[in-house]
$ cat query19.txt   # compact mmCIF, C-alpha atoms
# COMPACT_ATOMS: atom_id res chain seq x y z
CA MET A 1 -33.23 -71.73 39.89
CA MET A 2 -36.90 -72.70 39.83
CA SER A 3 -37.88 -69.32 38.34
CA PHE A 4 -35.13 -69.63 35.70
CA THR A 5 -36.43 -73.09 34.64
CA LEU A 6 -40.00 -71.77 34.46
CA GLY A 7 -38.82 -68.78 32.37
CA PHE A 8 -36.90 -71.10 30.03
CA VAL A 9 -39.88 -73.44 29.56
CA PHE A 10 -42.12 -70.40 28.92
CA ALA A 11 -39.72 -69.06 26.29
CA ILE A 12 -39.57 -72.45 24.53
CA GLY A 13 -43.38 -72.72 24.61
CA TYR A 14 -43.76 -69.19 23.21
CA ALA A 15 -41.31 -69.89 20.40
CA LEU A 16 -43.08 -73.13 19.49
CA GLY A 17 -46.40 -71.32 19.50
CA ARG A 18 -45.08 -68.67 17.08
CA ILE A 19 -43.24 -71.05 14.77
CA ASP A 20 -46.22 -71.58 12.39
CA THR A 21 -46.65 -67.84 11.94
CA ILE A 22 -42.93 -67.35 11.33
CA VAL A 23 -42.79 -70.18 8.74
CA SER A 24 -45.85 -68.89 6.86
CA MET A 25 -44.33 -65.35 6.79
CA LEU A 26 -41.11 -66.73 5.32
CA LYS A 27 -43.05 -68.71 2.67
CA LYS A 28 -45.03 -65.61 1.65
CA LYS A 29 -41.83 -63.65 1.22
CA GLU A 30 -40.50 -66.41 -1.06
CA SER A 31 -43.52 -66.46 -3.40
CA ASP A 32 -43.42 -62.70 -3.76
CA SER A 33 -39.85 -62.99 -4.92
CA PHE A 34 -39.19 -61.84 -8.50
CA VAL A 35 -37.46 -65.03 -9.58
CA ALA A 36 -37.99 -67.84 -7.07
CA GLY A 37 -41.18 -69.86 -6.98
CA VAL A 38 -42.22 -68.95 -10.53
CA ASN A 39 -42.21 -71.90 -12.90
CA ARG A 40 -41.22 -71.70 -16.58
CA GLU A 41 -44.79 -71.63 -17.88
CA GLN A 42 -45.70 -68.77 -15.52
CA LYS A 43 -42.58 -66.90 -16.60
CA LYS A 44 -43.59 -67.31 -20.26
CA SER A 45 -46.94 -65.71 -19.58
CA PHE A 46 -45.28 -62.75 -17.88
CA THR A 47 -42.96 -62.12 -20.83
CA ARG A 48 -44.38 -59.79 -23.43
CA ARG A 49 -42.83 -59.97 -26.89
CA ALA A 50 -41.90 -56.68 -28.43
CA VAL A 51 -44.34 -55.74 -31.18
CA ASP A 52 -42.53 -54.96 -34.40
CA ILE A 53 -44.26 -53.18 -37.23
CA ASP A 54 -42.58 -53.37 -40.59
CA GLU A 55 -43.34 -49.94 -41.98
CA SER A 56 -41.77 -50.73 -45.33
CA LYS A 57 -44.61 -53.10 -46.15
CA PHE A 58 -48.04 -51.70 -46.79
CA VAL A 59 -50.34 -52.32 -49.70
CA THR A 60 -51.08 -49.36 -51.89
CA ASP A 61 -52.88 -49.54 -55.21
CA VAL A 62 -50.99 -51.74 -57.62
CA SER A 63 -51.05 -49.70 -60.80
CA THR A 64 -50.89 -51.56 -64.09
CA THR A 65 -51.85 -48.63 -66.32
CA SER A 66 -48.31 -48.33 -67.71
CA LEU A 67 -48.58 -51.84 -69.18
CA LYS A 68 -50.18 -51.79 -72.62
CA SER A 69 -51.52 -55.09 -73.91
CA GLY A 70 -49.89 -56.56 -77.01
CA GLY A 71 -53.21 -58.01 -78.16
CA ALA A 72 -53.42 -61.69 -77.21
CA SER A 73 -55.72 -62.50 -74.28
CA LEU A 74 -54.45 -64.34 -71.22
CA GLY A 75 -55.41 -67.86 -70.28
CA THR A 76 -56.56 -71.14 -71.76
CA VAL A 77 -60.15 -72.11 -71.00
CA THR A 78 -61.27 -75.72 -70.51
CA GLN A 79 -64.51 -77.21 -69.24
CA THR A 80 -65.05 -80.48 -67.40
CA LYS A 81 -68.26 -82.30 -66.60
CA ASP A 82 -68.37 -82.00 -62.83
CA ASP A 83 -71.29 -81.59 -60.45
CA ILE A 84 -69.87 -79.90 -57.37
CA SER A 85 -73.25 -79.31 -55.72
CA SER A 86 -73.25 -82.51 -53.61
CA ALA A 87 -69.73 -81.80 -52.32
CA THR A 88 -70.74 -78.22 -51.58
CA ASN A 89 -73.91 -79.25 -49.72
CA LYS A 90 -72.07 -81.86 -47.66
CA LEU A 91 -69.41 -79.36 -46.61
CA ALA A 92 -72.03 -76.71 -45.86
CA GLN A 93 -73.86 -79.17 -43.57
CA LEU A 94 -70.64 -80.04 -41.71
CA LYS A 95 -69.77 -76.36 -41.25
CA LYS A 96 -73.33 -75.63 -40.06
CA ALA A 97 -73.24 -78.52 -37.59
CA LYS A 98 -70.00 -77.16 -36.14
CA GLY A 99 -71.72 -73.81 -35.73
CA MET B 1 -71.98 -66.56 -59.24
CA ALA B 2 -68.94 -67.42 -57.10
CA LYS B 3 -65.41 -68.08 -58.33
CA GLY B 4 -62.30 -69.87 -57.09
CA LEU B 5 -58.71 -68.85 -57.77
CA ASP B 6 -55.52 -70.85 -57.31
CA VAL B 7 -52.73 -68.27 -57.11
CA GLY B 8 -49.77 -70.58 -57.60
CA THR B 9 -46.06 -69.96 -58.07
CA SER B 10 -46.20 -71.62 -61.48
CA PHE B 11 -49.85 -71.37 -62.59
CA ILE B 12 -52.82 -69.10 -61.97
CA VAL B 13 -56.06 -71.08 -62.31
CA LEU B 14 -59.52 -69.51 -62.21
CA SER B 15 -62.54 -71.77 -61.64
CA SER B 16 -66.21 -71.04 -62.10
CA GLU B 17 -69.41 -73.00 -62.56
CA GLY B 18 -70.39 -73.53 -66.17
CA LYS B 19 -73.82 -74.44 -67.52
CA GLY B 20 -75.07 -78.04 -67.26
CA ASN B 21 -73.05 -79.31 -64.28
CA LYS B 22 -69.74 -78.21 -65.67
CA VAL B 23 -66.79 -76.47 -64.09
CA GLU B 24 -64.82 -74.06 -66.24
CA TYR B 25 -61.09 -73.52 -65.68
CA LYS B 26 -58.90 -70.76 -67.04
CA ASP B 27 -55.16 -71.49 -66.70
CA PHE B 28 -52.26 -69.11 -67.16
CA ARG B 29 -48.56 -69.78 -66.71
CA ASP B 30 -47.20 -67.49 -64.01
CA ALA B 31 -44.01 -66.30 -65.74
CA PHE B 32 -42.57 -63.28 -67.52
CA TYR B 33 -39.53 -62.32 -69.53
CA VAL B 34 -38.38 -58.75 -70.19
CA ILE B 35 -36.72 -57.61 -73.42
CA LYS B 36 -35.45 -54.06 -73.52
CA PRO B 37 -34.71 -52.89 -77.09
CA SER B 38 -31.59 -50.78 -77.54
CA THR B 39 -32.77 -48.82 -80.59
CA PRO B 40 -36.14 -47.88 -82.18
CA ILE B 41 -35.39 -50.23 -85.09
CA ALA B 42 -34.72 -53.10 -82.67
CA SER B 43 -38.02 -52.26 -80.97
CA LYS B 44 -39.93 -52.66 -84.23
CA MET B 45 -38.14 -55.94 -84.99
CA ILE B 46 -38.93 -57.32 -81.54
CA GLU B 47 -42.58 -56.31 -81.78
CA LYS B 48 -42.83 -58.02 -85.18
CA GLY B 49 -41.30 -61.17 -83.70
CA LEU B 50 -43.82 -61.13 -80.88
CA ALA B 51 -46.88 -61.24 -83.17
CA GLY B 52 -49.41 -63.69 -81.74
CA LYS B 53 -47.55 -63.92 -78.41
CA THR B 54 -48.85 -62.73 -75.06
CA PHE B 55 -46.99 -59.59 -74.09
CA VAL B 56 -47.34 -56.08 -72.74
CA LYS B 57 -45.36 -52.98 -73.59
CA ASP B 58 -44.06 -50.96 -70.64
CA GLU B 59 -43.77 -47.17 -70.55
CA ASP B 60 -39.95 -47.36 -70.76
CA GLY B 61 -40.26 -49.13 -74.13
CA SER B 62 -39.44 -52.64 -72.88
CA TYR B 63 -41.52 -55.68 -73.78
CA ILE B 64 -42.76 -57.97 -71.01
CA ILE B 65 -43.62 -61.37 -72.47
CA LEU B 66 -46.06 -63.31 -70.32
CA GLY B 67 -46.99 -66.94 -69.65
CA LYS B 68 -45.61 -69.91 -71.57
CA ASP B 69 -44.44 -67.54 -74.31
CA ALA B 70 -42.06 -66.05 -71.72
CA ILE B 71 -40.54 -69.47 -71.03
CA GLU B 72 -40.23 -70.23 -74.75
CA LYS B 73 -38.52 -66.88 -75.36
CA ALA B 74 -36.16 -67.42 -72.41
CA VAL B 75 -35.22 -70.91 -73.66
CA GLU B 76 -34.67 -69.47 -77.16
CA ARG B 77 -32.18 -66.99 -75.66
CA ASN B 78 -30.58 -69.59 -73.36
CA ASP B 79 -31.83 -67.63 -70.37
CA SER B 80 -34.33 -68.20 -67.53
CA ALA B 81 -37.80 -66.70 -67.38
CA LYS B 82 -38.77 -64.74 -64.27
CA ARG B 83 -41.56 -65.45 -61.86
CA PRO B 84 -43.81 -62.83 -60.25
CA MET B 85 -44.07 -65.21 -57.32
CA TYR B 86 -41.44 -67.05 -55.30
CA ARG B 87 -42.20 -69.86 -52.84
CA GLY B 88 -45.93 -69.22 -52.92
CA VAL B 89 -45.90 -65.47 -52.31
CA VAL B 90 -45.32 -62.33 -54.35
CA SER B 91 -41.61 -62.24 -55.13
CA SER B 92 -39.39 -59.70 -53.43
CA LYS B 93 -36.57 -60.77 -55.73
CA GLU B 94 -38.05 -59.26 -58.89
CA LYS B 95 -38.72 -55.53 -58.96
CA ASP B 96 -41.56 -55.89 -61.48
CA ALA B 97 -43.19 -58.81 -59.61
CA ARG B 98 -46.07 -56.97 -57.96
CA ARG B 99 -47.06 -55.10 -61.12
CA VAL B 100 -46.82 -58.17 -63.36
CA LEU B 101 -48.75 -60.35 -60.91
CA ALA B 102 -51.46 -57.67 -60.63
CA TYR B 103 -51.71 -57.44 -64.44
CA ILE B 104 -51.96 -61.23 -64.86
CA LEU B 105 -54.56 -61.52 -62.09
CA LYS B 106 -56.70 -58.70 -63.50
CA GLU B 107 -56.61 -60.20 -66.99
CA VAL B 108 -57.34 -63.76 -65.87
CA VAL B 109 -60.21 -63.02 -63.44
CA GLY B 110 -61.71 -60.07 -65.36
CA GLN B 111 -64.33 -57.78 -63.88
CA SER B 112 -66.88 -59.34 -61.51
CA SER B 113 -70.22 -60.16 -63.10
CA SER B 114 -72.13 -58.69 -60.14
CA GLU B 115 -71.36 -56.31 -57.32
CA ASN B 116 -69.25 -57.99 -54.61
CA GLU B 117 -69.22 -61.35 -56.36
CA LYS B 118 -67.61 -63.89 -54.01
CA LEU B 119 -64.16 -65.14 -54.87
CA VAL B 120 -62.00 -67.43 -52.75
CA PHE B 121 -58.27 -67.58 -53.48
CA CYS B 122 -55.55 -69.67 -51.90
CA VAL B 123 -52.47 -68.71 -49.91
CA PRO B 124 -49.64 -70.88 -48.56
CA ALA B 125 -49.17 -71.82 -44.91
CA GLN B 126 -46.18 -70.85 -42.79
CA PRO B 127 -43.24 -73.17 -43.52
CA VAL B 128 -41.96 -75.61 -40.88
CA ASP B 129 -38.51 -76.01 -42.41
CA GLN B 130 -37.42 -72.40 -42.58
CA GLU B 131 -36.69 -69.92 -39.83
CA ASP B 132 -37.12 -67.02 -42.21
CA GLU B 133 -38.77 -63.92 -40.83
CA ASP B 134 -38.98 -62.48 -44.34
CA PHE B 135 -41.52 -65.11 -45.36
CA ASP B 136 -44.60 -62.96 -45.51
CA VAL B 137 -47.95 -64.57 -46.30
CA GLY B 138 -49.89 -61.61 -44.91
CA TYR B 139 -48.45 -59.08 -47.34
CA HIS B 140 -48.99 -61.41 -50.31
CA GLU B 141 -52.59 -61.98 -49.21
CA ASP B 142 -53.19 -58.24 -48.96
CA VAL B 143 -51.73 -57.58 -52.42
CA VAL B 144 -53.91 -60.25 -54.07
CA LYS B 145 -57.00 -59.16 -52.15
CA LYS B 146 -56.48 -55.52 -53.16
CA VAL B 147 -56.15 -56.44 -56.84
CA LEU B 148 -59.28 -58.60 -56.72
CA GLN B 149 -61.25 -55.92 -54.90
CA GLU B 150 -60.30 -53.49 -57.67
CA CYS B 151 -61.94 -55.94 -60.07
CA GLY B 152 -65.15 -55.81 -58.01
CA TYR B 153 -64.86 -59.05 -56.04
CA GLU B 154 -65.47 -59.77 -52.37
CA ALA B 155 -62.27 -61.76 -52.01
CA ARG B 156 -61.35 -64.12 -49.21
CA ALA B 157 -58.24 -66.25 -48.69
CA ILE B 158 -58.01 -69.87 -47.57
CA ASN B 159 -55.05 -72.18 -47.25
CA GLU B 160 -53.98 -74.01 -50.41
CA ALA B 161 -54.05 -77.53 -48.92
CA GLU B 162 -57.35 -76.77 -47.14
CA ALA B 163 -58.81 -76.02 -50.59
CA LEU B 164 -57.44 -79.36 -51.79
CA CYS B 165 -59.23 -81.10 -48.90
CA TYR B 166 -62.52 -79.43 -49.92
CA SER B 167 -62.04 -80.65 -53.47
CA GLU B 168 -60.98 -84.26 -52.79
CA LEU B 169 -62.31 -85.46 -49.42
CA ALA B 170 -66.08 -85.19 -49.93
CA ASP B 171 -66.47 -89.00 -50.02
CA ASP B 172 -64.39 -89.33 -46.83
CA ASP B 173 -66.59 -87.01 -44.73
CA TYR B 174 -63.97 -84.33 -45.29
CA THR B 175 -61.51 -86.17 -43.06
CA GLY B 176 -57.96 -86.91 -44.20
CA VAL B 177 -54.64 -85.42 -45.21
CA ALA B 178 -53.97 -83.38 -48.36
CA LEU B 179 -50.67 -82.32 -49.87
CA SER B 180 -50.52 -79.72 -52.60
CA TRP B 181 -47.19 -80.05 -54.45
CA GLY B 182 -46.80 -76.68 -56.12
CA ALA B 183 -43.75 -75.24 -57.84
CA GLY B 184 -42.47 -73.29 -54.86
CA MET B 185 -43.76 -75.18 -51.82
CA VAL B 186 -45.57 -78.25 -50.55
CA ASN B 187 -48.65 -77.28 -48.54
CA VAL B 188 -50.14 -79.75 -46.07
CA CYS B 189 -53.52 -79.82 -44.34
CA VAL B 190 -54.95 -82.35 -41.89
CA MET B 191 -58.74 -82.14 -41.84
CA LEU B 192 -61.37 -83.58 -39.50
CA ASN B 193 -65.02 -83.39 -40.56
CA GLY B 194 -64.50 -80.30 -42.68
CA GLU B 195 -62.39 -78.43 -40.14
CA PRO B 196 -58.66 -77.97 -40.79
CA VAL B 197 -56.83 -79.03 -37.62
CA LEU B 198 -53.29 -78.53 -38.84
CA LYS B 199 -51.80 -76.54 -41.76
CA PHE B 200 -48.17 -76.04 -42.66
CA SER B 201 -45.82 -75.98 -45.63
CA THR B 202 -42.30 -77.00 -46.64
CA THR B 203 -40.15 -74.85 -48.90
CA LYS B 204 -38.71 -77.35 -51.38
CA SER B 205 -40.76 -78.49 -54.35
CA GLY B 206 -40.69 -78.45 -58.18
CA ASP B 207 -38.53 -75.33 -58.49
CA TRP B 208 -35.96 -76.92 -56.18
CA VAL B 209 -35.84 -79.99 -58.46
CA ASP B 210 -35.32 -77.67 -61.47
CA ARG B 211 -32.60 -75.65 -59.69
CA MET B 212 -30.65 -78.66 -58.44
CA SER B 213 -30.93 -80.45 -61.81
CA ALA B 214 -29.78 -77.27 -63.57
CA VAL B 215 -26.74 -77.05 -61.28
CA ALA B 216 -25.98 -80.75 -61.83
CA THR B 217 -26.20 -80.58 -65.63
CA GLY B 218 -25.06 -77.02 -66.35
CA GLU B 219 -28.35 -76.09 -68.03
CA THR B 220 -30.64 -73.15 -67.21
CA ASP B 221 -33.68 -73.61 -64.94
CA SER B 222 -36.05 -72.88 -67.86
CA ILE B 223 -34.46 -75.58 -70.04
CA VAL B 224 -34.70 -78.11 -67.21
CA GLN B 225 -38.33 -77.11 -66.62
CA ALA B 226 -39.17 -77.49 -70.32
CA GLU B 227 -37.44 -80.91 -70.50
CA LYS B 228 -39.16 -82.02 -67.30
CA GLU B 229 -42.62 -81.08 -68.53
CA GLN B 230 -42.24 -82.57 -72.01
CA GLY B 231 -39.94 -85.50 -71.33
CA ASP B 232 -40.70 -89.07 -70.34
CA PHE B 233 -39.21 -90.12 -67.00
CA THR B 234 -40.14 -92.09 -63.91
CA VAL B 235 -39.37 -90.81 -60.40
CA GLY B 236 -36.27 -92.48 -58.98
CA GLN B 237 -35.50 -94.41 -62.20
CA PRO B 238 -32.40 -93.91 -64.39
CA ASN B 239 -32.91 -92.16 -67.72
CA ASP B 240 -30.84 -91.93 -70.92
CA ASN B 241 -31.40 -88.19 -71.07
CA GLN B 242 -28.92 -86.51 -68.71
CA VAL B 243 -31.32 -83.74 -67.64
CA LEU B 244 -34.21 -86.15 -67.03
CA SER B 245 -31.92 -88.50 -65.14
CA ALA B 246 -31.01 -85.64 -62.77
CA VAL B 247 -34.68 -84.63 -62.49
CA ALA B 248 -35.73 -88.21 -61.63
CA SER B 249 -33.00 -88.42 -58.99
CA TYR B 250 -33.81 -85.08 -57.35
CA TYR B 251 -37.51 -85.97 -57.35
CA ASP B 252 -36.65 -88.99 -55.23
CA ARG B 253 -34.71 -86.76 -52.81
CA LEU B 254 -37.53 -84.21 -52.71
CA ILE B 255 -40.10 -86.84 -51.75
CA ASP B 256 -37.75 -88.26 -49.14
CA TYR B 257 -37.15 -84.78 -47.66
CA THR B 258 -40.86 -83.89 -47.62
CA THR B 259 -42.01 -87.13 -46.02
CA LYS B 260 -39.35 -86.74 -43.29
CA GLN B 261 -40.51 -83.17 -42.64
CA LEU B 262 -44.11 -84.39 -42.62
CA ALA B 263 -43.39 -87.13 -40.08
CA SER B 264 -41.42 -84.75 -37.89
CA ALA B 265 -44.10 -82.03 -37.98
CA LEU B 266 -46.97 -84.41 -37.17
CA GLU B 267 -45.28 -86.65 -34.59
CA GLY B 268 -46.79 -85.89 -31.20
CA HIS B 269 -48.43 -82.64 -32.35
CA LYS B 270 -50.88 -81.43 -29.70
CA ALA B 271 -53.45 -80.21 -32.25
CA LEU B 272 -53.84 -83.68 -33.79
CA PRO B 273 -57.02 -85.48 -32.76
CA LYS B 274 -57.14 -89.24 -32.26
CA PHE B 275 -58.50 -90.49 -35.58
CA LYS B 276 -60.59 -93.62 -35.14
CA ASP B 277 -60.20 -94.80 -38.74
CA PRO B 278 -57.19 -94.85 -41.10
CA LEU B 279 -56.98 -91.70 -43.21
CA PRO B 280 -56.90 -91.09 -46.95
CA VAL B 281 -53.88 -89.09 -48.11
CA VAL B 282 -54.44 -87.07 -51.29
CA VAL B 283 -51.72 -85.49 -53.41
CA ALA B 284 -52.13 -82.90 -56.17
CA GLY B 285 -50.27 -80.11 -57.96
CA GLY B 286 -48.02 -79.94 -61.00
CA THR B 287 -45.03 -81.37 -59.14
CA SER B 288 -46.99 -84.56 -58.37
CA LYS B 289 -47.63 -85.34 -62.05
CA PRO B 290 -44.62 -87.48 -63.11
CA LYS B 291 -44.88 -91.24 -63.45
CA GLY B 292 -44.11 -93.16 -60.27
CA PHE B 293 -44.65 -90.16 -58.00
CA VAL B 294 -47.51 -91.60 -55.92
CA GLU B 295 -45.81 -95.01 -55.58
CA VAL B 296 -42.53 -93.49 -54.36
CA PHE B 297 -44.40 -91.10 -52.05
CA LYS B 298 -46.36 -93.97 -50.53
CA ALA B 299 -43.20 -96.03 -49.94
CA LYS B 300 -41.36 -93.05 -48.38
CA LEU B 301 -44.32 -92.27 -46.11
CA GLU B 302 -44.01 -95.76 -44.66
CA SER B 303 -40.23 -95.88 -44.46
CA ASN B 304 -39.93 -92.40 -42.90
CA GLY B 305 -42.39 -93.15 -40.11
CA PHE B 306 -45.57 -91.22 -41.00
CA PRO B 307 -47.29 -91.18 -37.60
CA LEU B 308 -50.96 -91.45 -38.69
CA PRO B 309 -52.77 -94.59 -39.86
CA VAL B 310 -53.16 -94.47 -43.67
CA LYS B 311 -56.10 -95.99 -45.56
CA GLU B 312 -54.81 -95.12 -49.03
CA VAL B 313 -52.58 -92.70 -50.91
CA ARG B 314 -54.21 -91.36 -54.05
CA HIS B 315 -53.81 -88.72 -56.72
CA ALA B 316 -56.45 -86.01 -57.04
CA ALA B 317 -58.85 -86.61 -59.92
CA ASP B 318 -57.51 -83.52 -61.72
CA PRO B 319 -54.17 -82.69 -60.06
CA LEU B 320 -53.67 -79.33 -61.81
CA HIS B 321 -57.16 -77.99 -61.11
CA ALA B 322 -57.97 -79.56 -57.73
CA VAL B 323 -56.96 -76.52 -55.61
CA ALA B 324 -58.97 -74.13 -57.83
CA ARG B 325 -61.94 -76.54 -57.59
CA GLY B 326 -61.65 -76.53 -53.79
CA CYS B 327 -61.57 -72.71 -53.76
CA LEU B 328 -64.75 -72.72 -55.86
CA ILE B 329 -66.49 -75.09 -53.40
CA ALA B 330 -65.40 -72.86 -50.51
CA ALA B 331 -66.65 -69.75 -52.34
CA GLN B 332 -70.12 -71.33 -52.60
CA ILE B 333 -70.48 -71.73 -48.84
CA LEU B 334 -68.30 -69.12 -47.16

$ encode --input "query19.txt" --output "structure tokens"
Amino acid sequence: MMSFTLGFVFAIGYALGRIDTIVSMLKKKESDSFVAGVNREQKKSFTRRAVDIDESKFVTDVSTTSLKSGGASLGTVTQTKDDISSATNKLAQLKKAKG
Amino acid sequence: MAKGLDVGTSFIVLSSEGKGNKVEYKDFRDAFYVIKPSTPIASKMIEKGLAGKTFVKDEDGSYIILGKDAIEKAVERNDSAKRPMYRGVVSSKEKDARRVLAYILKEVVGQSSSENEKLVFCVPAQPVDQEDEDFDVGYHEDVVKKVLQECGYEARAINEAEALCYSELADDDYTGVALSWGAGMVNVCVMLNGEPVLKFSTTKSGDWVDRMSAVATGETDSIVQAEKEQGDFTVGQPNDNQVLSAVASYYDRLIDYTTKQLASALEGHKALPKFKDPLPVVVAGGTSKPKGFVEVFKAKLESNGFPLPVKEVRHAADPLHAVARGCLIAAQIL
């Protein structure tokens, strides 16, 4: 009876001693899981969008040689008194400061 | 010498520096109308009738009338003129669009005066109110760039509303909000110290007003457009003229729609910095020209919950040329 009690106490002690290892093994298995433990943001980063290339759209030379001018030139020209140099310098400085 | 180019749905505007602190603008209406003669005699009659007009003759014998002459001819025939561009980009609806746009661009900008002369042109931003995968700014940009390169320019694209910020926010340390009300779209840019922090567009603007007014009154789009541009009306106010009354009413709805989209797009946006001072809001573009536009826009901004503090709402000094001016400023420094 005495030896049975000692054996039982030893078994309980051994199990308690191993419990940390067993729990950490179970946790590891969970985080390796394909679905569980991965939040939505992480999932987003795993998902790769399919890359579509629209082959019908590419820019070749746009030929206008078949269009013969009827004579009149295009556009109305106007001039306004306007010194844009200060605006240009100010913007250039801001862009430079931003690097 | 650098140049700026506003490639708009309704107007193409070239800007360059003139002598003695002047800026020179060259405007051309972005429209065409095709007449295909049925007989050689009809061809001669049509050509005679087109004397003094801006047109080109195509290899199949048809006449392509360009610019405001195209709109006048369309109105004369109770028809609608065509556009080489639709909603800010080269139109996929018209089979001649790419060729006609290329011809107009080449004629308006001309050959560069020096090798690789810098030219900055504008493109629209991606719309926030349309889940349309066919909206293709990249292709449009490539087409325009290719045409300009053929003319000898080193061409570069910037956003339309960003160009407007460069033109109008110099006295505000290039910080504020700009809205370019074109024919096809409204482009929006929020700028902080010369850097655009947010750019987007909405897909209803002047053409939508024309279309809806045309449906309401049974007229063609071109007739509504002509009435709108020549007539006297105030946004949101009744008018004795049936067409102008519809136009005034749809303008009110357009401004309401745009300010709601604006508030929704900006509310809680992560890219928005915390502005320490109230911002100036600048509007420009042909659609912003009618009487009462700025007042109604200002009122709708407030009532529809614009989420940023506003210092003032003002019109650009030259609403039709402001984007081209901004492109010119950008071309000088980029």

$ interface_residues --input "query19.txt" --of "chain B" --to "chain A" --cutoff "8 Å" --atoms "all atoms listed in the file" --output "VMD selection string"
chain B and resid 18 21 to 29 52 to 59 98 to 100 102 to 104 107 to 108 139 142 to 143 146 to 147 166 to 167 170 174 193 to 195 329 to 330 332 to 333

$ closest_residue --input "query19.txt" --among "B:Gly138, B:Trp181, B:Val186, B:Lys118" --to "B:Ala322" --atoms "all atoms listed in the file"
B:Trp181

$ atom_distance --input "query19.txt" --atom1 "atom CA of B:Arg211" --atom2 "atom CA of B:Gly182"
14.7 Å

$ closest_residue --input "query19.txt" --among "B:Pro278, B:Pro84, B:Pro37, B:Gly305" --to "B:Asp172" --atoms "only C-alpha atoms"
B:Pro278

$ atom_distance --input "query19.txt" --atom1 "atom CA of B:Ala157" --atom2 "atom CA of B:Val123"
6.4 Å

$ atom_distance --input "query19.txt" --atom1 "atom CA of B:Ile12" --atom2 "atom CA of B:Ala265"
28.6 Å

$ residues_around --input "query19.txt" --residues "B:Trp208" --least-positions-apart "5" --cutoff "9 Å" --atoms "only C-alpha atoms" --output "JSON list (two decimals) with C-alpha atoms, in the coordinates of the input"
[["chain", "number", "residue", "atom", "x", "y", "z"],
["B", 183, "ALA", "CA", -43.75, -75.24, -57.84],
["B", 184, "GLY", "CA", -42.47, -73.29, -54.86],
["B", 203, "THR", "CA", -40.15, -74.85, -48.90],
["B", 213, "SER", "CA", -30.93, -80.45, -61.81],
["B", 250, "TYR", "CA", -33.81, -85.08, -57.35],
["B", 254, "LEU", "CA", -37.53, -84.21, -52.71]]

$ build_atoms --input "query19.txt" --residues "stretch 269-282 of chain B" --atoms "N, CA and C atoms" --output "PDB file, in the frame of the given file"
ATOM      1  N   HIS B 269     -47.875 -83.992 -32.321  1.00  0.00           N
ATOM      2  CA  HIS B 269     -48.430 -82.640 -32.350  1.00  0.00           C
ATOM      3  C   HIS B 269     -49.703 -82.565 -31.497  1.00  0.00           C
ATOM      4  N   LYS B 270     -49.752 -81.539 -30.646  1.00  0.00           N
ATOM      5  CA  LYS B 270     -50.880 -81.430 -29.700  1.00  0.00           C
ATOM      6  C   LYS B 270     -52.226 -81.186 -30.386  1.00  0.00           C
ATOM      7  N   ALA B 271     -52.190 -80.547 -31.574  1.00  0.00           N
ATOM      8  CA  ALA B 271     -53.450 -80.210 -32.250  1.00  0.00           C
ATOM      9  C   ALA B 271     -54.083 -81.419 -32.951  1.00  0.00           C
ATOM     10  N   LEU B 272     -53.312 -82.520 -33.063  1.00  0.00           N
ATOM     11  CA  LEU B 272     -53.840 -83.680 -33.790  1.00  0.00           C
ATOM     12  C   LEU B 272     -54.854 -84.455 -32.962  1.00  0.00           C
ATOM     13  N   PRO B 273     -56.052 -84.660 -33.495  1.00  0.00           N
ATOM     14  CA  PRO B 273     -57.020 -85.480 -32.760  1.00  0.00           C
ATOM     15  C   PRO B 273     -56.681 -86.964 -32.897  1.00  0.00           C
ATOM     16  N   LYS B 274     -57.343 -87.790 -32.115  1.00  0.00           N
ATOM     17  CA  LYS B 274     -57.140 -89.240 -32.260  1.00  0.00           C
ATOM     18  C   LYS B 274     -58.131 -89.731 -33.307  1.00  0.00           C
ATOM     19  N   PHE B 275     -57.623 -90.033 -34.499  1.00  0.00           N
ATOM     20  CA  PHE B 275     -58.500 -90.490 -35.580  1.00  0.00           C
ATOM     21  C   PHE B 275     -58.873 -91.944 -35.322  1.00  0.00           C
ATOM     22  N   LYS B 276     -60.177 -92.243 -35.429  1.00  0.00           N
ATOM     23  CA  LYS B 276     -60.590 -93.620 -35.140  1.00  0.00           C
ATOM     24  C   LYS B 276     -60.377 -94.549 -36.329  1.00  0.00           C
ATOM     25  N   ASP B 277     -60.403 -93.973 -37.551  1.00  0.00           N
ATOM     26  CA  ASP B 277     -60.200 -94.800 -38.740  1.00  0.00           C
ATOM     27  C   ASP B 277     -58.940 -94.345 -39.489  1.00  0.00           C
ATOM     28  N   PRO B 278     -58.330 -95.259 -40.267  1.00  0.00           N
ATOM     29  CA  PRO B 278     -57.190 -94.850 -41.100  1.00  0.00           C
ATOM     30  C   PRO B 278     -57.605 -93.750 -42.092  1.00  0.00           C
ATOM     31  N   LEU B 279     -56.662 -92.888 -42.419  1.00  0.00           N
ATOM     32  CA  LEU B 279     -56.980 -91.700 -43.210  1.00  0.00           C
ATOM     33  C   LEU B 279     -56.584 -91.815 -44.679  1.00  0.00           C
ATOM     34  N   PRO B 280     -57.368 -91.199 -45.562  1.00  0.00           N
ATOM     35  CA  PRO B 280     -56.900 -91.090 -46.950  1.00  0.00           C
ATOM     36  C   PRO B 280     -55.894 -89.947 -47.053  1.00  0.00           C
ATOM     37  N   VAL B 281     -54.863 -90.151 -47.863  1.00  0.00           N
ATOM     38  CA  VAL B 281     -53.880 -89.090 -48.110  1.00  0.00           C
ATOM     39  C   VAL B 281     -53.958 -88.755 -49.595  1.00  0.00           C
ATOM     40  N   VAL B 282     -54.262 -87.486 -49.898  1.00  0.00           N
ATOM     41  CA  VAL B 282     -54.440 -87.070 -51.290  1.00  0.00           C
ATOM     42  C   VAL B 282     -53.301 -86.149 -51.705  1.00  0.00           C
TER      43      VAL B 282
END
